[in-house]
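S.K.: Pasting in a structure now, in structure tokens, and then I'll have a few things to ask.
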Amino acid sequence: MNIFLAIITRDLLLAVRQGGATFLALVFFLLTVTLFPLGIGPEPAILARVAPGVLWVAALLAAMLSLDRLFQADFEDGSLEQLTLSGLPISLIVLAKIITHWLTTGLPLLLAAPVLAILLNMDNEGFAALLLTMLIGTPALSLIGAIGAALTLTVRRGGVLLSLLVLPLYIPVLIFGVSGIDAAVHGLNAKPHLLLLAALTVAAIPLCPWAAAAAVKLSLE
Amino acid sequence: MNIFLAIITRDLLLAVRQGGATFLALVFFLLTVTLFPLGIGPEPAILARVAPGVLWVAALLAAMLSLDRLFQADFEDGSLEQLTLSGLPISLIVLAKIITHWLTTGLPLLLAAPVLAILLNMDNEGFAALLLTMLIGTPALSLIGAIGAALTLTVRRGGVLLSLLVLPLYIPVLIFGVSGIDAAVHGLNAKPHLLLLAALTVAAIPLCPWAAAAAVKLSLE
Amino acid sequence: MGNMEQFLSMGGYAGFIWPAFGIVLIVMAFLWIASMRSWRKSEQALASLRQHRRQRGDIEE
Amino acid sequence: MSIHYFANPARFTRLAGRIQPWAGGLTAVLLLIGLYMALVEAPADYQQGDTVRIMFVHVPAAWMAMFCYTFLAVASAVALIWRHPLADLAAKASAPIGASFTFLALVTGSIWGKPMWGTWWVWDARLTSVLILFFLYLGYMALWEAIEDGQKAGKAAAVLALVGAVNVPIIKFSVDWWNTLHQPASVLRMDGPAIHSSMLWPLLIMALAFKAYFVTLLLARMRMELNLRRIRAMRLAERTS
Amino acid sequence: MFQGRDIACERGERRIFTGLNFTVAPGQALVLQGPNGCGKTSLIRIAATLLKAADGALTWNGIDVAENPEGHRANLHYIGHQDAVKGALSVRENIAMWARIRATTDDQTEAAMAAFDIAHLADTPTQYLSAGQHRRTALARLVASPAKLWLLDEPTVSLDQAGTACLQQAIAAHRAKNGMVMAATHIELGLDDAQILQLQPQLMTL
Amino acid sequence: MFQGRDIACERGERRIFTGLNFTVAPGQALVLQGPNGCGKTSLIRIAATLLKAADGALTWNGIDVAENPEGHRANLHYIGHQDAVKGALSVRENIAMWARIRATTDDQTEAAMAAFDIAHLADTPTQYLSAGQHRRTALARLVASPAKLWLLDEPTVSLDQAGTACLQQAIAAHRAKNGMVMAATHIELGLDDAQILQLQPQLMTL
Ligand code: HEM
Ligand SMILES: Nc1ncnc2c1ncn2[C@@H]1O[C@H](COP(=O)(O)OP(=O)(O)OP(=O)(O)O)[C@@H](O)[C@H]1O
Ligand SMILES: Nc1ncnc2c1ncn2[C@@H]1O[C@H](COP(=O)(O)OP(=O)(O)OP(=O)(O)O)[C@@H](O)[C@H]1O
Ligand SMILES: [Mg+2]
Ligand SMILES: [Mg+2]
């Protein structure tokens, strides 16, 4: 447990030191969302209509882009093999890193989403659902993403391959996330969507660290 | 001139060997475009309305993501400093790399765009304009992006910082690109938009390699 | 002759049906040929490598 | 017979050598019969006209797209859990075949869609999940390509295949869910007319032809991969010693 | 007592060596020598369980390491080609961080910096260090948290004579406390009565 | 003749050294020695114009290098800590590629591989090489395309004795053809009558 916490503290410290990773993932989210009104024109009705989708797609991309930080830096400078020699099972090391990833990526996105929703003129009814789906869904993004990040570790410049592996796996999160918000916007019951999303996240908690650990072990050989 | 061509051949060879970079930038473009209908729903009319914007935003993101390949790998393994010692001025080395980047990224995006336009149900009138704006605009993406890639060279995991630097600079390309297509779709004259876009690209050709070279020189110190 | 034309026109949908069948056959044929060719090439390469080694008197695998 | 019975590559090669010509011949014969029945014998549909003939390639291709992924996932599981040395190769060999069939299902479906729905593509649940399946195949093959060391690549790809296999039903389910919420139930009705026996036969024969095609190519590609693996080991040893 | 029996190693589908035996007793040092490419790094990584042996077994006091790999890992320090030093953190932070991750109760960070003569750099971010200073920071981990077995892969790379002397002293102190050392090197390490394991190039196909 | 006069170096807002003079005549070798962090790497990178000197001037046959830096760069080979070797390319491809990029008319790739005894690895992707084999591939660049001045920063890292001997021979042959060598090292390089430049740690704040 001590080691587990030590790893999380270390990763948070590094995130803060290395040019504020937190701040930057957020900025990518912000920028992508801002590009949309520029791309599709400023009509409020259309923006409101596409807002939940754009927000979730941008969140997906921001989370995915920050994934390559997850193991790569530690892998390249030899820290990852040192971590596996700490005596903690690799799946727990992976879990610690997933938690840091969520704290530095998912959480800021969650906090920024309402502001961007206002910019996109989203219906007021959707705000609670937006926050809830993001709260439940973003951990799944970090969990699933860890598998892709681990698989592409030994691949030089794996960033784009990472997206090919991870984005298809993200699609259920996207769909349940958006449909939860849409249901709320249209005055329908959002609960079934939220429950499905929660089921997804809960199922990912034991499965993903295990699969990612297998992939990490491979790339250290 | 010999050295210039030698660098381009080398980079193309590496692109082919290293897991088909070409193929992957393309796939990212395809995937992002696919995410949108999943996010904003399948209604053909709405999709057609947002198609030019979505295509250009996705192209922007795909080009930007492949930027970190531009100098980073060569920087990390010491090849970049060896290249600068080849006796060719650094700005020409940068230009060679920009050309390779366009050949492996811009060109494939250009070729894939019409297929995706069909998926997004874009109006038939827009296809010619789509191809033209992409042909004129994507070189500008590679040129401008090189500056960002060079500036973030010494930044560990600079990917997100890169997007923060580059995306704002991409906005004019996005706006002129989309408005060219929109004009064509609505039966208006697309020519002024295309000319503005071309002016942008032409202006970037001498400026960007020079600025990027200065940044590269800095990061080697 | 008219029969043939009628067959080829596919009730006015020739522009859809023939491309559909065409692309299926093309893709399947392409993959078939590519697979068979690379398999044969690999057999030859292995055989020549083995012979080369036998000539040098190496122990096989 | 133990699970490792066929692990002996020599035994596999012998067996494959015996089956492969038969499977190849069967493919050719079935395909010829199937095409004749599909294009000539089968009647045009009273509603869809001659376009219904596209069904005879579209539906078998769609079936094969799903079958190949199942095969790939099972082979990957066998490779990871029992470390069966041929399972890796079977999974790798089946991926391009599956990807091709998926591509064909998409293209023939699109071509069919234009006359039937008046558009090449709609974001219908079934169409969307096939498109995503296509991406899963691409990712699987790209991962094999990207990792140089064959053994590592095999294991990494197997992990991905299994994760993908868990995800396929979830995608299917979620896309269905998503679609029912947005899609105005107008254009799309896949349940269509009940199938006549005059249409069932060509369909079944084409489906069998595709299966035989799969078996033939699978065997050829597995033998190729096996050869390449041996060649690489021999070359590397030669160079470095 | 750390032993390897009949170890074989495969890399890239080739056998690098087979039938290798070694023993490191408490207080002992084992030096691996041999030409480039003979498998020194591979053997050290096998001993650290970072690489799987194609054959053979490692035992720790007679018990197979495979039974409790995590326990074995917690018993050892591995210094490889890569320094595992973060440029954004200072020398002290780097060393202390690894001590914490190894669940060290008695943190020896200051002593470690003194042992490798980098105390004056304690607050310098490691990205500003020269190659040798960087290497010393990595080596300081050995002293900062205790471990019974040290696995060192060419530890003197980039070190000057003073740095090599620091390392020799650290090794001597470790062995005096019944520690074990396994080191691969091309140059003379100057260890007292170390056993030498000479690896031969013996590539074979499978 | 390559000269540096009154060179000063600043890194991270600190002076590393000042007033440094050196001369390398054709056929001569200059060996830089000194403890970790004294500025050997920095000096070599200044000589390669990869780093700007805070003060002083470099001259090539009496002409200031700053007047035509590209020409100077084309005259030299620099081997640093990083090997500039691509894992996806084979040994031969790597060496030939650099020869082409240096606009070599008379490509000596095969001779270079022979000189460093890696001809048997010619078609192996370099990602499968051991540390020493990797280093030899980097060093082979020196022979594959001619350059008057060799700048070597700890060139023997990871090399075994045979590899070091290859390098010594290559340097001797280079000097016999009136080539110049500047090398930083911690171990004895065994060069005939090399000048030695001993750098002292003289850190100062600005
Ligand atoms: C790109 C577009 C299309 C895709 C990706 C696609 C995909 C599929 C798939 C995956 C199946 C197999 C489903 C199963 O057996 O569970 C299927 C079957 C079928 N498709 Fe398509 N399809 C497309 C377009 C069309 C069109 C335009 C039509 C006709 C209007 C059509 C008619 C059928 C029929 C009749 C079946 C057989 C249904 C059954 O066995 O229950 N498809 N398609
Ligand atoms: N990742 C790898 N994949 C395939 N082969 C490898 C890999 N790493 C090393 N090898 C090969 O394994 C052999 C042993 O490598 P190893 O790194 O253990 O040698 P070493 O004794 O440490 O050599 P050096 O003195 O050069 O560091 C070499 O022939 C090398 O080519
Ligand atoms: N990028 C940098 N920024 C700031 N300071 C640096 C940087 N690189 C090196 N230094 C400092 O400059 C000094 C000289 O470093 P240099 O790498 O030239 O030493 P060196 O003689 O090569 O040492 P070594 O033998 O350890 O390789 C060191 O004190 C180091 O801390
Ligand atoms: Mg080694
Ligand atoms: Mg140095």
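Letters A, B, ... go to the chains of the structure tokens in the order shown; residues in each chain start at 1; ligands are counted from 1 in the same order.
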Would you list the contacts of Ala128 (chain A) as a PyMOL selection string, taking every protein, DNA or RNA residue within 12 Å and counting only C-alpha atoms, but skipping same-chain residues closer than 5 positions in sequence?
M.R.: chain A and resi 110+113-114+117+122-123+133-135+180-185+190-191+194
S.K.: Could you give me, as a list of chain:residue names, every polymer residue with an atom at most 8 Å away from an atom of ligand 4, counting only C-alpha atoms and all ligand atoms?
M.R.: E:Asn36, E:Gly37, E:Gly39, E:Lys40, E:Thr41, E:Ser42, E:His81, E:Asp153, E:Glu154, E:Ala184, F:Ser130, F:Ala131, F:Gly132, F:Ser158
S.K.: Give the superposed chain E as an mmCIF file with C-alpha atoms, in the first residue's frame, the fit being least squares on chain F over all ordered C-alpha pairs.
M.R.:
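Output below, filename selection-v8.cif:
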```cif
data_model
loop_
_atom_site.group_PDB
_atom_site.id
_atom_site.type_symbol
_atom_site.label_atom_id
_atom_site.label_comp_id
_atom_site.auth_asym_id
_atom_site.auth_seq_id
_atom_site.Cartn_x
_atom_site.Cartn_y
_atom_site.Cartn_z
ATOM 1 C CA MET E 1 44.832 23.273 -38.385
ATOM 2 C CA PHE E 2 41.933 23.645 -35.982
ATOM 3 C CA GLN E 3 42.281 26.088 -33.139
ATOM 4 C CA GLY E 4 40.226 27.409 -30.277
ATOM 5 C CA ARG E 5 41.284 30.600 -28.597
ATOM 6 C CA ASP E 6 40.089 31.840 -25.277
ATOM 7 C CA ILE E 7 36.960 29.723 -25.362
ATOM 8 C CA ALA E 8 34.428 30.187 -22.553
ATOM 9 C CA CYS E 9 31.369 28.052 -22.011
ATOM 10 C CA GLU E 10 28.108 28.785 -20.268
ATOM 11 C CA ARG E 11 25.426 26.228 -19.441
ATOM 12 C CA GLY E 12 22.249 26.881 -17.556
ATOM 13 C CA GLU E 13 23.383 30.440 -16.882
ATOM 14 C CA ARG E 14 26.656 29.303 -15.307
ATOM 15 C CA ARG E 15 30.194 29.578 -16.600
ATOM 16 C CA ILE E 16 31.679 26.104 -16.939
ATOM 17 C CA PHE E 17 35.139 27.195 -18.078
ATOM 18 C CA THR E 18 36.865 30.262 -19.476
ATOM 19 C CA GLY E 19 40.009 31.143 -21.351
ATOM 20 C CA LEU E 20 40.536 27.745 -22.852
ATOM 21 C CA ASN E 21 43.006 27.364 -25.712
ATOM 22 C CA PHE E 22 43.698 24.384 -27.886
ATOM 23 C CA THR E 23 45.272 23.521 -31.202
ATOM 24 C CA VAL E 24 44.894 20.415 -33.304
ATOM 25 C CA ALA E 25 47.314 20.182 -36.182
ATOM 26 C CA PRO E 26 46.917 17.764 -39.133
ATOM 27 C CA GLY E 27 47.846 14.271 -38.021
ATOM 28 C CA GLN E 28 47.490 15.286 -34.394
ATOM 29 C CA ALA E 29 45.206 13.997 -31.657
ATOM 30 C CA LEU E 30 44.005 15.967 -28.667
ATOM 31 C CA VAL E 31 42.618 14.076 -25.695
ATOM 32 C CA LEU E 32 40.363 15.881 -23.201
ATOM 33 C CA GLN E 33 40.483 14.623 -19.678
ATOM 34 C CA GLY E 34 39.018 15.688 -16.380
ATOM 35 C CA PRO E 35 36.555 14.696 -13.693
ATOM 36 C CA ASN E 36 32.792 14.337 -14.228
ATOM 37 C CA GLY E 37 31.126 17.638 -14.979
ATOM 38 C CA CYS E 38 34.236 19.625 -15.897
ATOM 39 C CA GLY E 39 33.005 20.417 -19.401
ATOM 40 C CA LYS E 40 34.488 17.882 -21.810
ATOM 41 C CA THR E 41 31.229 17.216 -23.568
ATOM 42 C CA SER E 42 30.499 20.927 -23.685
ATOM 43 C CA LEU E 43 33.864 21.693 -25.305
ATOM 44 C CA ILE E 44 33.405 19.026 -27.941
ATOM 45 C CA ARG E 45 29.950 20.319 -28.755
ATOM 46 C CA ILE E 46 31.343 23.823 -29.054
ATOM 47 C CA ALA E 47 33.958 22.526 -31.468
ATOM 48 C CA ALA E 48 31.142 20.954 -33.494
ATOM 49 C CA THR E 49 29.225 24.297 -33.419
ATOM 50 C CA LEU E 50 26.353 22.475 -31.728
ATOM 51 C CA LEU E 51 26.782 24.728 -28.734
ATOM 52 C CA LYS E 52 27.607 28.405 -28.873
ATOM 53 C CA ALA E 53 30.709 29.473 -27.014
ATOM 54 C CA ALA E 54 30.026 32.279 -24.563
ATOM 55 C CA ASP E 55 33.315 33.838 -25.583
ATOM 56 C CA GLY E 56 36.339 33.215 -27.770
ATOM 57 C CA ALA E 57 36.713 32.003 -31.335
ATOM 58 C CA LEU E 58 37.294 28.828 -33.290
ATOM 59 C CA THR E 59 39.493 29.014 -36.343
ATOM 60 C CA TRP E 60 40.091 26.576 -39.167
ATOM 61 C CA ASN E 61 43.417 27.238 -40.876
ATOM 62 C CA GLY E 62 43.287 30.689 -39.383
ATOM 63 C CA ILE E 63 39.819 31.565 -40.673
ATOM 64 C CA ASP E 64 37.050 32.136 -38.172
ATOM 65 C CA VAL E 65 34.607 29.234 -38.212
ATOM 66 C CA ALA E 66 31.675 31.590 -37.612
ATOM 67 C CA GLU E 67 32.123 32.929 -41.136
ATOM 68 C CA ASN E 68 31.016 29.684 -42.687
ATOM 69 C CA PRO E 69 29.611 27.340 -40.071
ATOM 70 C CA GLU E 70 28.043 25.039 -42.666
ATOM 71 C CA GLY E 71 31.419 24.550 -44.301
ATOM 72 C CA HIS E 72 32.991 23.733 -40.968
ATOM 73 C CA ARG E 73 30.299 21.215 -40.164
ATOM 74 C CA ALA E 74 30.800 19.414 -43.425
ATOM 75 C CA ASN E 75 34.473 19.055 -42.446
ATOM 76 C CA LEU E 76 33.881 17.148 -39.250
ATOM 77 C CA HIS E 77 32.497 13.953 -37.793
ATOM 78 C CA TYR E 78 30.959 14.088 -34.338
ATOM 79 C CA ILE E 79 30.267 11.001 -32.234
ATOM 80 C CA GLY E 80 28.330 11.877 -29.085
ATOM 81 C CA HIS E 81 26.623 9.995 -26.314
ATOM 82 C CA GLN E 82 23.777 9.170 -28.640
ATOM 83 C CA ASP E 83 24.391 6.790 -31.487
ATOM 84 C CA ALA E 84 22.065 8.289 -34.135
ATOM 85 C CA VAL E 85 21.354 4.744 -35.262
ATOM 86 C CA LYS E 86 17.839 3.815 -36.393
ATOM 87 C CA GLY E 87 16.492 0.571 -34.990
ATOM 88 C CA ALA E 88 14.299 -0.059 -38.020
ATOM 89 C CA LEU E 89 17.202 -0.020 -40.465
ATOM 90 C CA SER E 90 19.902 -2.641 -40.834
ATOM 91 C CA VAL E 91 23.513 -1.959 -39.935
ATOM 92 C CA ARG E 92 24.451 -1.464 -43.571
ATOM 93 C CA GLU E 93 21.509 0.816 -44.286
ATOM 94 C CA ASN E 94 22.334 2.960 -41.286
ATOM 95 C CA ILE E 95 25.928 3.463 -42.294
ATOM 96 C CA ALA E 96 25.196 3.966 -45.978
ATOM 97 C CA MET E 97 22.454 6.457 -45.191
ATOM 98 C CA TRP E 98 24.790 8.714 -43.254
ATOM 99 C CA ALA E 99 27.414 8.444 -45.943
ATOM 100 C CA ARG E 100 24.837 9.632 -48.461
ATOM 101 C CA ILE E 101 23.703 12.500 -46.261
ATOM 102 C CA ARG E 102 27.293 13.639 -45.958
ATOM 103 C CA ALA E 103 27.385 13.803 -49.757
ATOM 104 C CA THR E 104 30.084 11.164 -49.941
ATOM 105 C CA THR E 105 31.218 10.469 -53.458
ATOM 106 C CA ASP E 106 33.305 7.442 -52.604
ATOM 107 C CA ASP E 107 31.120 5.358 -50.318
ATOM 108 C CA GLN E 108 33.175 3.217 -47.926
ATOM 109 C CA THR E 109 30.297 1.478 -46.144
ATOM 110 C CA GLU E 110 31.674 -2.031 -46.610
ATOM 111 C CA ALA E 111 35.146 -1.026 -45.535
ATOM 112 C CA ALA E 112 33.661 0.695 -42.495
ATOM 113 C CA MET E 113 31.794 -2.410 -41.411
ATOM 114 C CA ALA E 114 34.949 -4.450 -41.832
ATOM 115 C CA ALA E 115 36.949 -1.913 -39.835
ATOM 116 C CA PHE E 116 34.636 -2.313 -36.851
ATOM 117 C CA ASP E 117 34.106 -6.032 -37.321
ATOM 118 C CA ILE E 118 30.370 -5.878 -37.817
ATOM 119 C CA ALA E 119 30.235 -7.102 -41.389
ATOM 120 C CA HIS E 120 28.525 -10.282 -40.202
ATOM 121 C CA LEU E 121 25.693 -8.138 -38.813
ATOM 122 C CA ALA E 122 25.285 -6.089 -42.002
ATOM 123 C CA ASP E 123 21.680 -7.064 -42.598
ATOM 124 C CA THR E 124 20.551 -7.203 -38.959
ATOM 125 C CA PRO E 125 18.147 -4.436 -37.921
ATOM 126 C CA THR E 126 20.042 -2.451 -35.314
ATOM 127 C CA GLN E 127 17.302 -2.780 -32.718
ATOM 128 C CA TYR E 128 18.503 -6.342 -32.188
ATOM 129 C CA LEU E 129 22.093 -5.352 -31.437
ATOM 130 C CA SER E 130 23.820 -5.436 -28.088
ATOM 131 C CA ALA E 131 25.128 -2.189 -26.638
ATOM 132 C CA GLY E 132 28.619 -2.695 -28.036
ATOM 133 C CA GLN E 133 27.437 -3.683 -31.501
ATOM 134 C CA HIS E 134 25.235 -0.594 -31.543
ATOM 135 C CA ARG E 135 28.170 1.595 -30.650
ATOM 136 C CA ARG E 136 30.316 0.040 -33.367
ATOM 137 C CA THR E 137 27.642 0.859 -35.921
ATOM 138 C CA ALA E 138 27.764 4.482 -34.838
ATOM 139 C CA LEU E 139 31.553 4.562 -35.014
ATOM 140 C CA ALA E 140 31.563 3.026 -38.473
ATOM 141 C CA ARG E 141 30.287 6.371 -39.778
ATOM 142 C CA LEU E 142 33.762 7.767 -39.208
ATOM 143 C CA VAL E 143 35.207 5.466 -41.825
ATOM 144 C CA ALA E 144 32.267 5.382 -44.210
ATOM 145 C CA SER E 145 32.623 8.986 -45.282
ATOM 146 C CA PRO E 146 35.761 11.085 -44.997
ATOM 147 C CA ALA E 147 36.029 14.157 -42.790
ATOM 148 C CA LYS E 148 39.133 16.001 -41.726
ATOM 149 C CA LEU E 149 38.240 16.429 -38.064
ATOM 150 C CA TRP E 150 36.882 13.738 -35.750
ATOM 151 C CA LEU E 151 35.196 14.845 -32.541
ATOM 152 C CA LEU E 152 34.705 11.866 -30.234
ATOM 153 C CA ASP E 153 32.892 12.050 -26.907
ATOM 154 C CA GLU E 154 33.727 8.950 -24.846
ATOM 155 C CA PRO E 155 33.850 6.803 -27.962
ATOM 156 C CA THR E 156 34.766 3.568 -26.175
ATOM 157 C CA VAL E 157 31.647 3.372 -24.023
ATOM 158 C CA SER E 158 30.243 -0.198 -24.252
ATOM 159 C CA LEU E 159 33.115 -1.405 -26.447
ATOM 160 C CA ASP E 160 35.009 -4.546 -25.541
ATOM 161 C CA GLN E 161 38.774 -4.783 -26.040
ATOM 162 C CA ALA E 162 38.464 -5.874 -29.623
ATOM 163 C CA GLY E 163 36.153 -2.950 -30.315
ATOM 164 C CA THR E 164 38.545 -0.502 -28.683
ATOM 165 C CA ALA E 165 41.345 -1.902 -30.809
ATOM 166 C CA CYS E 166 39.263 -1.350 -33.966
ATOM 167 C CA LEU E 167 38.768 2.249 -32.948
ATOM 168 C CA GLN E 168 42.463 2.740 -32.238
ATOM 169 C CA GLN E 169 43.313 1.426 -35.667
ATOM 170 C CA ALA E 170 40.763 3.647 -37.332
ATOM 171 C CA ILE E 171 42.175 6.667 -35.535
ATOM 172 C CA ALA E 172 45.716 5.749 -36.474
ATOM 173 C CA ALA E 173 44.746 5.379 -40.131
ATOM 174 C CA HIS E 174 42.923 8.694 -40.032
ATOM 175 C CA ARG E 175 45.923 10.476 -38.541
ATOM 176 C CA ALA E 176 48.226 8.868 -41.058
ATOM 177 C CA LYS E 177 46.128 10.595 -43.724
ATOM 178 C CA ASN E 178 46.656 13.927 -41.951
ATOM 179 C CA GLY E 179 43.316 13.756 -40.173
ATOM 180 C CA MET E 180 42.732 15.474 -36.846
ATOM 181 C CA VAL E 181 41.127 13.981 -33.738
ATOM 182 C CA MET E 182 39.705 15.518 -30.599
ATOM 183 C CA ALA E 183 38.459 12.995 -28.027
ATOM 184 C CA ALA E 184 37.071 13.145 -24.505
ATOM 185 C CA THR E 185 37.608 10.080 -22.388
ATOM 186 C CA HIS E 186 37.932 8.702 -18.879
ATOM 187 C CA ILE E 187 39.970 5.670 -19.823
ATOM 188 C CA GLU E 188 43.272 5.288 -21.576
ATOM 189 C CA LEU E 189 42.681 5.476 -25.315
ATOM 190 C CA GLY E 190 46.202 4.350 -26.186
ATOM 191 C CA LEU E 191 46.864 6.908 -28.906
ATOM 192 C CA ASP E 192 50.441 7.579 -30.032
ATOM 193 C CA ASP E 193 51.859 10.860 -28.773
ATOM 194 C CA ALA E 194 48.472 12.513 -28.262
ATOM 195 C CA GLN E 195 48.405 15.923 -26.640
ATOM 196 C CA ILE E 196 46.421 15.947 -23.424
ATOM 197 C CA LEU E 197 44.181 18.797 -22.369
ATOM 198 C CA GLN E 198 43.355 18.504 -18.699
ATOM 199 C CA LEU E 199 40.132 20.356 -17.837
ATOM 200 C CA GLN E 200 39.704 21.616 -14.313
ATOM 201 C CA PRO E 201 36.383 22.158 -12.608
ATOM 202 C CA GLN E 202 36.160 25.965 -12.404
ATOM 203 C CA LEU E 203 32.502 26.860 -12.118
ATOM 204 C CA MET E 204 31.785 30.538 -11.665
ATOM 205 C CA THR E 205 28.738 32.711 -11.560
ATOM 206 C CA LEU E 206 28.259 35.333 -14.194
#
```
S.K.: Fewer than 5 positions away in the same chain doesn't count, so skip those; otherwise give me all residues within 7 Å of region 160-172 of chain B, counting only C-alpha atoms, as a short mmCIF file (atom, residue, chain, number, x, y, z; two decimals) with all heavy atoms, in the first residue's frame.
M.R.:
```cif
data_model
loop_
_atom_site.label_atom_id
_atom_site.label_comp_id
_atom_site.auth_asym_id
_atom_site.auth_seq_id
_atom_site.Cartn_x
_atom_site.Cartn_y
_atom_site.Cartn_z
N LEU A 24 -2.41 21.28 -19.68
CA LEU A 24 -2.32 21.14 -21.12
C LEU A 24 -3.40 20.23 -21.71
O LEU A 24 -3.95 20.54 -22.77
CB LEU A 24 -0.94 20.62 -21.51
CG LEU A 24 0.15 21.69 -21.36
CD1 LEU A 24 1.52 21.09 -21.51
CD2 LEU A 24 -0.06 22.80 -22.36
N ALA A 25 -3.73 19.12 -21.04
CA ALA A 25 -4.78 18.25 -21.55
C ALA A 25 -6.08 19.05 -21.64
O ALA A 25 -6.85 18.95 -22.59
CB ALA A 25 -4.97 17.04 -20.64
N VAL A 27 -6.30 22.24 -22.01
CA VAL A 27 -6.22 23.21 -23.10
C VAL A 27 -6.54 22.54 -24.43
O VAL A 27 -7.21 23.13 -25.28
CB VAL A 27 -4.82 23.85 -23.13
CG1 VAL A 27 -4.64 24.62 -24.41
CG2 VAL A 27 -4.66 24.76 -21.94
N PHE A 28 -6.11 21.32 -24.60
CA PHE A 28 -6.45 20.64 -25.84
C PHE A 28 -7.96 20.49 -25.97
O PHE A 28 -8.56 20.73 -27.02
CB PHE A 28 -5.79 19.27 -25.91
CG PHE A 28 -6.17 18.52 -27.15
CD1 PHE A 28 -5.49 18.72 -28.33
CD2 PHE A 28 -7.24 17.63 -27.14
CE1 PHE A 28 -5.85 18.06 -29.48
CE2 PHE A 28 -7.61 16.96 -28.29
CZ PHE A 28 -6.92 17.18 -29.46
N MET B 64 -1.88 17.48 -37.15
CA MET B 64 -1.19 17.92 -35.95
C MET B 64 -0.60 16.76 -35.17
O MET B 64 0.52 16.82 -34.68
CB MET B 64 -2.18 18.67 -35.08
CG MET B 64 -1.55 19.38 -33.93
SD MET B 64 -2.79 19.59 -32.67
CE MET B 64 -2.89 17.93 -32.03
N LEU B 141 -0.61 23.25 -43.45
CA LEU B 141 -0.62 22.57 -42.16
C LEU B 141 0.76 22.01 -41.84
O LEU B 141 1.26 22.13 -40.71
CB LEU B 141 -1.64 21.42 -42.18
CG LEU B 141 -3.11 21.80 -42.39
CD1 LEU B 141 -3.99 20.57 -42.28
CD2 LEU B 141 -3.55 22.84 -41.38
N GLY B 145 2.94 23.62 -38.90
CA GLY B 145 3.16 22.64 -37.84
C GLY B 145 4.63 22.45 -37.53
O GLY B 145 4.99 22.19 -36.38
N GLY B 148 5.81 24.51 -34.63
CA GLY B 148 5.40 23.98 -33.33
C GLY B 148 6.22 22.77 -32.96
O GLY B 148 6.68 22.64 -31.82
N ALA B 149 6.42 21.88 -33.91
CA ALA B 149 7.19 20.66 -33.63
C ALA B 149 8.60 21.02 -33.19
O ALA B 149 9.14 20.42 -32.26
CB ALA B 149 7.23 19.78 -34.86
N THR B 152 8.70 22.53 -29.56
CA THR B 152 8.42 21.63 -28.43
C THR B 152 9.42 20.49 -28.35
O THR B 152 9.21 19.54 -27.60
CB THR B 152 7.01 21.05 -28.54
OG1 THR B 152 6.86 20.47 -29.85
CG2 THR B 152 5.96 22.09 -28.33
#
```
S.K.: Can you pull out every residue with an atom within 9 Å of ligand 1? Use only C-alpha atoms and all ligand atoms and format it as a PyMOL selection string.
M.R.: chain D and resi 48+51-52+54-55+58-66+102-117+119-122+124+126-131+188-193+195
S.K.: Taking only C-alpha atoms into account, what are the residues of chain C at most 8 Å from chain D, put as a ChimeraX atom specification?
M.R.: /C:7,10-11,13,16-17,20-21,23-24,27-28,31-32,35-36,38-40,42-43,45-46,49
